[in-house]
Amino acid sequence: MTTDPGRIDPTSATGPTDGASAGTPGRASEGGGPTFTDEPGPGPDGPPGVRDQIAAVIAAARRLLTAHIELGRAELGLIMAEVGRVAALAGLAFAMVFLAALLLPIGLLLFLGEWIYGSIGWGVLLGTILLGDVAVMAGLTAAGVSGRRLGWSFGLAVALGIVVGVVLGLDLTNRAWTTAGDNLMPGVDAGFRPLAIAVLSLGVIGGVLGLIAALRSRASGGAGFFGGAALGIVLGAVTAIAVGPRVGAAFGTLSALIAWPVFAGLAVARSGIDGDAIKARFYPDTTIETTKETIEWLRQRTPLGRKS
């Protein structure tokens with residue numbers, strides 16, 4: 001049987017194999033003919049839409065922003081920790097400088113007390129009174145008291161301190177009380193005579209002066225008498241003892257430090273404090289007067305302010 005070359009015998013044609021279903025074209029078979037695969041196509045919902053893409057972008061931007069915020073917080077925490085460390089060290093340095101500034105004058109006063117007067121106790125006592133005097137003088141200066149008055153008060157106090165220091169340092173009062181005790185109390189023990197005569201004498205004198213001062217100021221006479229008597233007894237005990245040069249110098253310095261604010265207070269009490277002068281220091285009188293003149297000048301040159 002002759003076969004037509006342009007006709008294909010359906011019995012010999014190559015077709016799909018058994019069990020193969022229609023699908024997408026795949027790789028070429030080993031025989032060179034087309035084959036079909038089971039690979040799926042696009043999903044049933046299709047590619048993501050514009051809304052989904054925008055939501056994905058927003059979510060990614062939000063995560064990026066959150067990451068930056070967390071990073072900033074962590075870095076800020078480290079910075080604040082470093083700031084706290086530096087502040088603590090700066091506070092420690094300031095505290096040490098402050099303590100050194102306190103230690104230097106206090107230590108100097110104690111050293112001078114031991115070196116000059118022979119006792120740290122004198123340094124504590126005299127240093128405390130000195131600081132009090134400086135505070136009083138600063139207050140008086142702020143109140144408008146002239147430096148001349150304060151200078152005169154200081155000079156008088158220094159002169160008094162020198163006299164007291166010389167008298168006590170040379171034991172002049174002890175010698176005077178010893179002589180008085182030998183003449184007035186011959187029956188009393190010789191070692192006790194100066195103290196006894198000094199305490200009795202100055203106690204009585206101080207009580208009388210205190211009583212007179214209390215009556216003049218219309219205060220309680222009994223309080224004035226006993227206060228003056230107590231002061232006289234203390235003064236008698238101090239002057240009756242042979243203290244020596246160093247303690248005498250300490251008492252002289254003590255007298256000067258006590259007398260300085262007393263003399264300054266007496267000077268202020270005699271002349272008083274000018275309240276108007278203090279007010280003028282804190283009242284802007286020139287500015288107020290200049291402002292009033294300016295307002296008046298403007299009022300005269302405005303149409304509504306001119307007088308008819």
# chains A, B, ... in the order shown; residues from 1 in each chain; ligands from 1
$ select_by_dssp --residues "segment 18-258 of chain A" --states "strand (DSSP E)" --output "PyMOL selection string"
chain A and resi 24-25+36-37
$ write_last_selection --atoms "N, CA and C atoms" --output "compact mmCIF listing (two decimals), in the first residue's frame"
# COMPACT_ATOMS: atom_id res chain seq x y z
N THR A 24 0.13 23.68 30.73
CA THR A 24 1.00 24.67 30.11
C THR A 24 2.15 23.98 29.45
N PRO A 25 2.66 24.54 28.40
CA PRO A 25 3.81 23.91 27.73
C PRO A 25 5.00 23.89 28.65
N PHE A 36 3.89 18.56 28.56
CA PHE A 36 3.06 19.38 29.46
C PHE A 36 3.47 19.08 30.91
N THR A 37 3.44 20.16 31.81
CA THR A 37 3.80 20.02 33.23
C THR A 37 2.61 20.33 34.08
$ residues_around --residues "Val134 of chain A" --least-positions-apart "5" --cutoff "12 Å" --atoms "only C-alpha atoms" --output "list in words"
Gly127, Thr128, Ile129, Gly139, Leu140, Thr141, Leu150, Phe154, Leu257, Ile258, Trp260, Pro261 and Ala264 of chain A
$ closest_residue --among "A:Arg193, A:Arg216, A:Arg63, A:Arg246" --to "Ile116 of chain A" --atoms "only C-alpha atoms"
A:Arg246
$ closest_residue --among "A:Leu125, A:Ala213, A:Ala55, A:Leu202" --to "Leu112 of chain A" --atoms "only C-alpha atoms"
A:Leu125
$ residues_around --residues "segment 224-230 of chain A" --least-positions-apart "6" --cutoff "10 Å" --atoms "only C-alpha atoms" --output "JSON list (two decimals) with C-alpha atoms, in the first residue's frame"
[["chain", "number", "residue", "atom", "x", "y", "z"],
["A", 199, "VAL", "CA", 36.44, 88.86, 143.57],
["A", 200, "LEU", "CA", 34.91, 90.65, 146.56],
["A", 201, "SER", "CA", 35.88, 94.13, 145.41],
["A", 202, "LEU", "CA", 34.92, 93.84, 141.76],
["A", 203, "GLY", "CA", 31.81, 91.81, 142.59],
["A", 204, "VAL", "CA", 30.46, 94.60, 144.79],
["A", 205, "ILE", "CA", 31.46, 97.32, 142.36],
["A", 206, "GLY", "CA", 29.91, 95.45, 139.44],
["A", 207, "GLY", "CA", 26.67, 94.87, 141.34],
["A", 208, "VAL", "CA", 26.33, 98.56, 142.22],
["A", 209, "LEU", "CA", 27.03, 99.64, 138.64],
["A", 210, "GLY", "CA", 24.56, 97.08, 137.32],
["A", 211, "LEU", "CA", 21.88, 98.30, 139.73],
["A", 212, "ILE", "CA", 22.41, 101.92, 138.68],
["A", 213, "ALA", "CA", 22.26, 101.00, 135.00],
["A", 214, "ALA", "CA", 19.07, 99.00, 135.53],
["A", 215, "LEU", "CA", 17.38, 101.87, 137.41],
["A", 236, "GLY", "CA", 38.17, 89.82, 139.44]]
$ closest_residue --among "A:Leu254, A:Gly107, A:Ala267, A:Arg62" --to "Arg148 of chain A" --atoms "only C-alpha atoms"
A:Ala267
$ atom_distance --atom1 "atom CA of Ala269 of chain A" --atom2 "atom CA of Val234 of chain A"
27.6 Å
$ residues_around --residues "Val158 of chain A" --least-positions-apart "5" --cutoff "12 Å" --atoms "only C-alpha atoms" --output "PyMOL selection string"
chain A and resi 151-153+163-165+249+252-261+263
$ atom_distance --atom1 "atom CA of Gly132 of chain A" --atom2 "atom CA of Val166 of chain A"
24.9 Å
$ residues_around --residues "Pro245 of chain A" --least-positions-apart "4" --cutoff "10 Å" --atoms "only C-alpha atoms" --output "list in words"
Tyr117, Gly165, Val166, Val167, Leu168, Gly169, Leu170, Asp171, Ala249, Ala250 and Phe251 of chain A
$ closest_residue --among "A:His68, A:Lys292, A:Arg299, A:Arg281" --to "Ala143 of chain A" --atoms "only C-alpha atoms"
A:Arg281
$ select_by_dssp --residues "segment 144-293 of chain A" --states "alpha helix (DSSP H)" --output "MDAnalysis selection string"
chainID A and resid 147:169 172:184 193:216 221:240 244:271 275:282 285:293
